[in-house]
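Okay, entry39.cif now, which holds mmCIF, C-alpha atoms:
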```
data_model
#
loop_
_atom_site.group_PDB
_atom_site.id
_atom_site.type_symbol
_atom_site.label_atom_id
_atom_site.label_comp_id
_atom_site.auth_asym_id
_atom_site.auth_seq_id
_atom_site.Cartn_x
_atom_site.Cartn_y
_atom_site.Cartn_z
ATOM 1 C CA MET F 151 163.756 -51.093 276.063
ATOM 2 C CA ASN F 152 164.714 -54.766 276.015
ATOM 3 C CA LYS F 153 162.920 -56.313 278.995
ATOM 4 C CA THR F 154 164.826 -59.627 278.849
ATOM 5 C CA PRO F 155 167.148 -58.683 281.763
ATOM 6 C CA VAL F 156 164.115 -57.511 283.766
ATOM 7 C CA ILE F 157 162.399 -60.872 283.287
ATOM 8 C CA ILE F 158 165.625 -62.730 284.149
ATOM 9 C CA GLU F 159 165.973 -60.791 287.409
ATOM 10 C CA ALA F 160 162.268 -61.245 288.216
ATOM 11 C CA ILE F 161 162.550 -65.022 287.736
ATOM 12 C CA GLY F 162 165.687 -64.961 289.866
ATOM 13 C CA TYR F 163 163.907 -63.052 292.626
ATOM 14 C CA LEU F 164 161.004 -65.511 292.605
ATOM 15 C CA LEU F 165 163.442 -68.414 292.888
ATOM 16 C CA PHE F 166 165.566 -66.667 295.530
ATOM 17 C CA ARG F 167 162.497 -66.328 297.719
ATOM 18 C CA LEU F 168 160.823 -69.664 296.868
ATOM 19 C CA LYS F 169 164.053 -71.716 296.634
ATOM 20 C CA GLN F 170 162.600 -73.914 293.868
ATOM 21 C CA ALA F 171 159.658 -73.936 291.452
ATOM 22 C CA ASP F 172 158.646 -75.667 288.251
ATOM 23 C CA LYS F 173 158.227 -73.892 284.928
ATOM 24 C CA ILE F 174 154.435 -73.697 285.010
ATOM 25 C CA LYS F 175 154.442 -72.194 288.498
ATOM 26 C CA LEU F 176 157.074 -69.603 287.534
ATOM 27 C CA VAL F 177 155.111 -68.599 284.428
ATOM 28 C CA LYS F 178 151.897 -68.256 286.454
ATOM 29 C CA LEU F 179 153.588 -66.265 289.234
ATOM 30 C CA MET F 180 155.167 -63.941 286.695
ATOM 31 C CA PHE F 181 151.795 -63.458 284.994
ATOM 32 C CA LEU F 182 150.123 -62.659 288.313
ATOM 33 C CA ALA F 183 152.911 -60.218 289.223
ATOM 34 C CA ASP F 184 152.369 -58.529 285.849
ATOM 35 C CA LYS F 185 148.609 -58.399 286.517
ATOM 36 C CA TYR F 186 149.137 -56.893 289.976
ATOM 37 C CA HIS F 187 151.570 -54.324 288.606
ATOM 38 C CA ALA F 188 149.310 -53.403 285.678
ATOM 39 C CA MET F 189 146.312 -52.944 287.960
ATOM 40 C CA ASN F 190 148.208 -50.842 290.478
ATOM 41 C CA TYR F 191 150.758 -48.959 288.345
ATOM 42 C CA GLY F 192 149.491 -48.956 284.761
ATOM 43 C CA ARG F 193 152.280 -51.100 283.307
ATOM 44 C CA THR F 194 153.451 -54.677 283.494
ATOM 45 C CA ILE F 195 156.852 -55.664 284.855
ATOM 46 C CA SER F 196 157.811 -57.748 281.842
ATOM 47 C CA ASP F 197 156.177 -56.017 278.878
ATOM 48 C CA ASP F 198 155.637 -59.615 277.755
ATOM 49 C CA ALA F 199 153.375 -60.946 275.017
ATOM 50 C CA PHE F 200 150.639 -62.676 277.007
ATOM 51 C CA LEU F 201 148.901 -65.811 275.804
ATOM 52 C CA ALA F 202 146.131 -68.072 277.027
ATOM 53 C CA PHE F 203 147.323 -71.681 277.113
ATOM 54 C CA PRO F 204 145.372 -74.793 278.117
ATOM 55 C CA HIS F 205 147.051 -74.534 281.559
ATOM 56 C CA GLY F 206 146.141 -70.852 281.943
ATOM 57 C CA PRO F 207 147.646 -67.511 280.982
ATOM 58 C CA GLY F 208 151.343 -66.722 280.761
ATOM 59 C CA GLY F 209 153.986 -64.652 279.073
ATOM 60 C CA SER F 210 155.596 -66.089 275.956
ATOM 61 C CA ARG F 211 158.929 -64.302 276.492
ATOM 62 C CA THR F 212 159.031 -65.547 280.092
ATOM 63 C CA MET F 213 158.588 -69.103 278.828
ATOM 64 C CA ASP F 214 161.282 -68.641 276.174
ATOM 65 C CA ILE F 215 163.714 -67.250 278.743
ATOM 66 C CA LEU F 216 163.113 -70.236 281.027
ATOM 67 C CA GLU F 217 163.994 -72.441 278.041
ATOM 68 C CA TYR F 218 167.160 -70.384 277.400
ATOM 69 C CA ASP F 219 165.886 -69.723 273.854
ATOM 70 C CA PRO F 220 168.873 -68.110 272.068
ATOM 71 C CA LEU F 221 166.644 -65.997 269.795
ATOM 72 C CA VAL F 222 164.962 -64.374 272.798
ATOM 73 C CA ILE F 223 167.674 -64.426 275.434
ATOM 74 C CA GLY F 224 170.503 -63.424 273.063
ATOM 75 C CA LYS F 225 173.438 -61.710 274.747
ATOM 76 C CA HIS F 226 171.805 -62.178 278.172
ATOM 77 C CA ILE F 227 172.428 -65.951 278.250
ATOM 78 C CA LYS F 228 175.300 -65.679 280.734
ATOM 79 C CA LEU F 229 173.188 -63.481 283.019
ATOM 80 C CA ALA F 230 170.308 -65.969 282.883
ATOM 81 C CA ARG F 231 172.486 -69.038 283.495
ATOM 82 C CA GLY F 232 174.016 -67.323 286.543
ATOM 83 C CA ILE F 233 170.726 -66.151 288.048
ATOM 84 C CA PHE F 234 168.675 -69.328 287.623
ATOM 85 C CA LYS F 235 169.373 -72.970 286.870
ATOM 86 C CA GLN F 236 167.192 -75.722 285.533
ATOM 87 C CA GLY F 237 167.227 -78.857 287.630
ATOM 88 C CA LYS F 238 165.712 -82.204 286.764
ATOM 89 C CA GLY F 239 162.691 -82.038 284.531
ATOM 90 C CA HIS F 240 161.034 -78.654 284.605
ATOM 91 C CA SER F 241 162.299 -77.649 288.055
ATOM 92 C CA TYR F 242 164.272 -74.415 288.529
ATOM 93 C CA PHE F 243 166.277 -72.946 291.383
ATOM 94 C CA ALA F 244 168.335 -69.822 292.030
ATOM 95 C CA GLY F 245 171.784 -69.795 290.430
ATOM 96 C CA VAL F 246 175.119 -68.890 292.003
ATOM 97 C CA THR F 247 174.909 -65.216 291.001
ATOM 98 C CA CYS F 248 171.292 -64.784 292.123
ATOM 99 C CA ASN F 249 171.538 -61.930 294.610
ATOM 100 C CA PRO F 250 168.578 -59.535 294.673
ATOM 101 C CA LYS F 251 170.780 -56.852 296.256
ATOM 102 C CA SER F 252 172.719 -56.713 292.984
ATOM 103 C CA PHE F 253 169.623 -56.574 290.741
ATOM 104 C CA THR F 254 169.499 -53.245 288.905
ATOM 105 C CA MET F 255 166.670 -53.790 286.420
ATOM 106 C CA LEU F 256 163.749 -54.165 288.848
ATOM 107 C CA SER F 257 162.016 -51.112 290.275
ATOM 108 C CA GLU F 258 160.666 -50.782 293.800
ATOM 109 C CA SER F 259 157.145 -51.379 292.493
ATOM 110 C CA ASP F 260 158.372 -54.463 290.574
ATOM 111 C CA PHE F 261 159.693 -55.912 293.848
ATOM 112 C CA GLU F 262 156.377 -55.028 295.500
ATOM 113 C CA ALA F 263 154.432 -56.967 292.853
ATOM 114 C CA LEU F 264 156.792 -59.953 293.067
ATOM 115 C CA ASP F 265 156.549 -59.977 296.873
ATOM 116 C CA PHE F 266 152.761 -59.811 296.558
ATOM 117 C CA VAL F 267 152.615 -62.963 294.422
ATOM 118 C CA ILE F 268 155.214 -64.789 296.512
ATOM 119 C CA ASN F 269 153.306 -64.067 299.728
ATOM 120 C CA ASN F 270 149.847 -64.816 298.322
ATOM 121 C CA PHE F 271 150.424 -67.451 295.642
ATOM 122 C CA GLY F 272 153.885 -68.864 296.375
ATOM 123 C CA PRO F 273 152.568 -71.402 298.905
ATOM 124 C CA MET F 274 150.139 -72.837 296.314
ATOM 125 C CA ASN F 275 151.168 -75.917 294.412
ATOM 126 C CA THR F 276 151.360 -75.682 290.631
ATOM 127 C CA TRP F 277 147.951 -77.166 289.900
ATOM 128 C CA ASP F 278 146.141 -75.017 292.476
ATOM 129 C CA LEU F 279 147.788 -72.031 290.790
ATOM 130 C CA VAL F 280 146.607 -73.274 287.375
ATOM 131 C CA ASP F 281 143.089 -73.629 288.800
ATOM 132 C CA TYR F 282 143.250 -70.070 290.157
ATOM 133 C CA THR F 283 144.372 -68.611 286.817
ATOM 134 C CA HIS F 284 141.574 -70.524 285.068
ATOM 135 C CA LYS F 285 139.143 -68.298 287.016
ATOM 136 C CA LEU F 286 140.582 -65.109 285.520
ATOM 137 C CA LYS F 287 138.452 -63.485 282.829
ATOM 138 C CA GLU F 288 141.443 -63.097 280.498
ATOM 139 C CA TRP F 289 141.681 -66.914 280.366
ATOM 140 C CA LYS F 290 138.010 -67.844 280.811
ATOM 141 C CA ARG F 291 137.010 -66.233 277.539
ATOM 142 C CA PHE F 292 139.038 -68.950 275.762
ATOM 143 C CA LYS F 293 137.947 -71.827 278.010
ATOM 144 C CA SER F 294 135.516 -73.364 275.496
ATOM 145 C CA LEU F 295 138.272 -73.508 272.860
ATOM 146 C CA PHE F 296 140.597 -75.393 275.180
ATOM 147 C CA LEU F 297 137.825 -77.697 276.421
ATOM 148 C CA SER F 298 137.101 -78.591 272.784
ATOM 149 C CA GLY F 299 140.720 -79.747 272.432
ATOM 150 C CA GLN F 300 142.453 -76.681 271.018
ATOM 151 C CA LYS F 301 146.141 -76.594 271.932
ATOM 152 C CA LYS F 302 147.086 -73.371 270.081
ATOM 153 C CA PRO F 303 147.570 -70.442 272.476
ATOM 154 C CA GLU F 304 145.359 -67.385 272.102
ATOM 155 C CA PRO F 305 146.660 -63.808 272.487
ATOM 156 C CA ILE F 306 145.770 -61.752 275.551
ATOM 157 C CA LYS F 307 146.066 -57.972 275.279
ATOM 158 C CA SER F 308 148.082 -56.350 278.069
ATOM 159 C CA GLU F 309 145.124 -54.157 278.984
ATOM 160 C CA ASP F 310 143.055 -57.326 279.555
ATOM 161 C CA LEU F 311 145.115 -57.823 282.710
ATOM 162 C CA LEU F 312 143.081 -54.943 284.142
ATOM 163 C CA TRP F 313 139.867 -56.945 284.138
ATOM 164 C CA PRO F 314 138.764 -56.882 287.753
ATOM 165 C CA VAL F 315 138.759 -59.938 289.933
ATOM 166 C CA GLN F 316 136.385 -60.100 292.833
ATOM 167 C CA ASP F 317 138.605 -61.798 295.360
ATOM 168 C CA LYS F 318 140.889 -60.913 298.241
ATOM 169 C CA PHE F 319 143.937 -60.670 295.971
ATOM 170 C CA PHE F 320 143.045 -58.331 293.129
ATOM 171 C CA SER F 321 140.433 -55.923 294.434
ATOM 172 C CA VAL F 322 141.242 -52.519 292.943
ATOM 173 C CA GLU F 323 138.855 -49.574 292.756
ATOM 174 C CA GLN F 324 137.251 -49.020 289.348
ATOM 175 C CA GLU F 325 138.527 -45.433 289.155
ATOM 176 C CA HIS F 326 142.098 -46.622 289.719
ATOM 177 C CA LEU F 327 141.694 -49.265 287.000
ATOM 178 C CA LYS F 328 140.600 -46.509 284.586
ATOM 179 C CA GLU F 329 143.799 -44.590 285.374
ATOM 180 C CA SER F 330 145.874 -47.750 284.882
ATOM 181 C CA LEU F 331 144.150 -48.410 281.545
ATOM 182 C CA TYR F 332 144.905 -44.865 280.430
ATOM 183 C CA SER F 333 148.584 -45.352 281.368
ATOM 184 C CA MET F 334 148.769 -48.639 279.473
ATOM 185 C CA THR F 335 147.086 -47.435 276.305
ATOM 186 C CA LYS F 336 148.216 -43.810 275.943
ATOM 187 C CA SER F 337 150.481 -43.218 272.985
ATOM 188 C CA PRO F 338 154.036 -42.038 273.662
ATOM 189 C CA CYS F 339 154.751 -38.348 273.073
#
```
Is it possible to give me this structure as structure tokens?
Amino acid sequence: MNKTPVIIEAIGYLLFRLKQADKIKLVKLMFLADKYHAMNYGRTISDDAFLAFPHGPGGSRTMDILEYDPLVIGKHIKLARGIFKQGKGHSYFAGVTCNPKSFTMLSESDFEALDFVINNFGPMNTWDLVDYTHKLKEWKRFKSLFLSGQKKPEPIKSEDLLWPVQDKFFSVEQEHLKESLYSMTKSPC
């Protein structure tokens, strides 16, 4: 399934609720929503290719969609341009057709994960959010590379999003994480 429309609607929902956010913040919020959803439901919202960047982890397809990359966004360009708009610089806001009541690609659990990140991380400024994501194990394992000056992103496996975090946001029982890992890695029938 092509998840591009799902990501477009998820970005739109974030912007509908937040009113405005810059690119880095949107990428981080989307990553954290994917992490929450993976930990709790055994799949990500976006099915994105996750990478560790100097400014923390994020989804490469999410970034491409925010840049309206024609190779990634393809026939969904009109949908994207209606749901979110780029303002000055790297600032984004909800577009004229951004109406979560009309979104058909997001599941109830997707909305739950997006609401979770909006409520818990939405109030943070971009750089506090970057600092938070730098504490995640899926990024920290590449920290020395980035501190030595590496700019090239490093791949993060989707199942790495299940690495536990000992904080008030991502505390999930170990047994549940095992079930989520099984769901993420089982081969289709």
Ref. answer, residues at most 12 Å from (146.2, -70.9, 290.4) with all atoms listed in the file, as a PyMOL selection string: chain F and resi 174-182+205-208+267+270-286+289+319
Shell of 6 Å around region 250-263 of chain F, only C-alpha atoms, local chain residues under 5 positions omitted, as a VMD selection string: chain F and resid 156 183 187
With C-alpha atoms retained, write the just-selected residues as a PDB file, in the coordinates of the input.
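And here's out-v1.pdb as it stands now:
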```pdb
ATOM      1  CA  VAL F 156     164.115 -57.511 283.766  1.00  0.00           C
ATOM      2  CA  ALA F 183     152.911 -60.218 289.223  1.00  0.00           C
ATOM      3  CA  HIS F 187     151.570 -54.324 288.606  1.00  0.00           C
TER       4      HIS F 187
END
```
Distance criterion (only C-alpha atoms): nearest to Glu309 (chain F) out of F:Ala160, F:Met334, F:Leu221, F:Leu264: F:Met334
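For the structure shown here, the set of residues caught by the PyMOL selection byres ((chain F and resi 311-316) around 9) is Leu182, Asp184, Lys185, Tyr186, Ala188, Met189, Gly192, Thr194, Lys285, Leu286, Lys287, Glu288, Ile306, Lys307, Ser308, Glu309, Asp310, Asp317, Lys318, Phe319, Phe320, Ser321, Val322, Glu323, Gln324, Leu327, Lys328, Ser330 and Leu331 of chain F.
Against the coordinates shown, the PyMOL selection byres ((chain F and resi 248) around 8) returns Gly162, Tyr163, Phe166, Gly232, Ile233, Phe234, Ala244, Gly245, Val246, Thr247, Asn249 and Pro250 of chain F.
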Interatomic distance (Å, one decimal) between CA of Lys302 (chain F) and CA of Gly209 (chain F): 14.3 Å
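Matched in the shown structure by the PyMOL selection byres ((chain F and resi 198) around 6): F:Ser196, F:Asp197, F:Ala199, F:Phe200, F:Gly209, F:Arg211.
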Distance of CA of Lys290 (chain F) from CA of Lys173 (chain F), expressed in Å to one decimal place: 21.5 Å
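With CA of Met213 (chain F) on one side and CA of Ile157 (chain F) on the other, the separation reads 10.1 Å.
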Neighbour list for Gln236 (chain F) as a list of chain:residue names, cut-off 10 Å, all atoms listed in the file, skip fewer than 2 positions in-chain: F:Gln170, F:Ala171, F:Asp172, F:Lys173, F:Leu216, F:Glu217, F:Tyr218, F:Arg231, F:Phe234, F:Lys238, F:Gly239, F:His240, F:Ser241, F:Tyr242, F:Phe243, F:Ala244, F:Gly245
F:Lys235, F:Lys225, F:Lys153, F:Lys336 ranked by distance to Leu165 (chain F), top pick (using all atoms listed in the file):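 Using all atoms listed in the file, Leu165 (chain F) sits closest to F:Lys235.
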Using all atoms listed in the file: which of F:Lys293, F:Asn152, F:Asn190, F:Leu168 has the shortest distance to Ile223 (chain F):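 Counting all atoms listed in the file, the residue closest to Ile223 (chain F) is F:Asn152.
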Where atoms are absent from region 306-320 of chain F, fill them in so it carries N, CA and C atoms, then output it as a tab-separated table (two decimals), keeping the file's coordinate frame.
```tsv
chain	number	residue	atom	x	y	z
F	306	ILE	N	146.42	-62.57	274.52
F	306	ILE	CA	145.77	-61.75	275.55
F	306	ILE	C	146.38	-60.36	275.45
F	307	LYS	N	145.56	-59.34	275.31
F	307	LYS	CA	146.07	-57.97	275.28
F	307	LYS	C	146.52	-57.57	276.68
F	308	SER	N	147.57	-56.79	276.76
F	308	SER	CA	148.08	-56.35	278.07
F	308	SER	C	147.00	-55.66	278.89
F	309	GLU	N	146.17	-54.86	278.23
F	309	GLU	CA	145.12	-54.16	278.98
F	309	GLU	C	144.06	-55.11	279.54
F	310	ASP	N	143.98	-56.34	279.01
F	310	ASP	CA	143.06	-57.33	279.56
F	310	ASP	C	143.43	-57.74	280.97
F	311	LEU	N	144.68	-57.52	281.35
F	311	LEU	CA	145.12	-57.82	282.71
F	311	LEU	C	144.41	-56.93	283.72
F	312	LEU	N	143.79	-55.87	283.26
F	312	LEU	CA	143.08	-54.94	284.14
F	312	LEU	C	141.66	-55.39	284.45
F	313	TRP	N	141.20	-56.47	283.82
F	313	TRP	CA	139.87	-56.94	284.14
F	313	TRP	C	139.80	-57.26	285.62
F	314	PRO	N	138.83	-56.70	286.30
F	314	PRO	CA	138.76	-56.88	287.75
F	314	PRO	C	138.48	-58.32	288.16
F	315	VAL	N	138.98	-58.64	289.32
F	315	VAL	CA	138.76	-59.94	289.93
F	315	VAL	C	138.13	-59.66	291.28
F	316	GLN	N	137.05	-60.32	291.56
F	316	GLN	CA	136.38	-60.10	292.83
F	316	GLN	C	136.87	-61.14	293.83
F	317	ASP	N	138.08	-60.92	294.32
F	317	ASP	CA	138.60	-61.80	295.36
F	317	ASP	C	139.51	-60.98	296.28
F	318	LYS	N	140.07	-61.62	297.26
F	318	LYS	CA	140.89	-60.91	298.24
F	318	LYS	C	142.24	-60.47	297.68
F	319	PHE	N	142.62	-60.97	296.52
F	319	PHE	CA	143.94	-60.67	295.97
F	319	PHE	C	143.96	-59.45	295.05
F	320	PHE	N	142.99	-59.33	294.19
F	320	PHE	CA	143.04	-58.33	293.13
F	320	PHE	C	141.91	-57.32	293.16
```
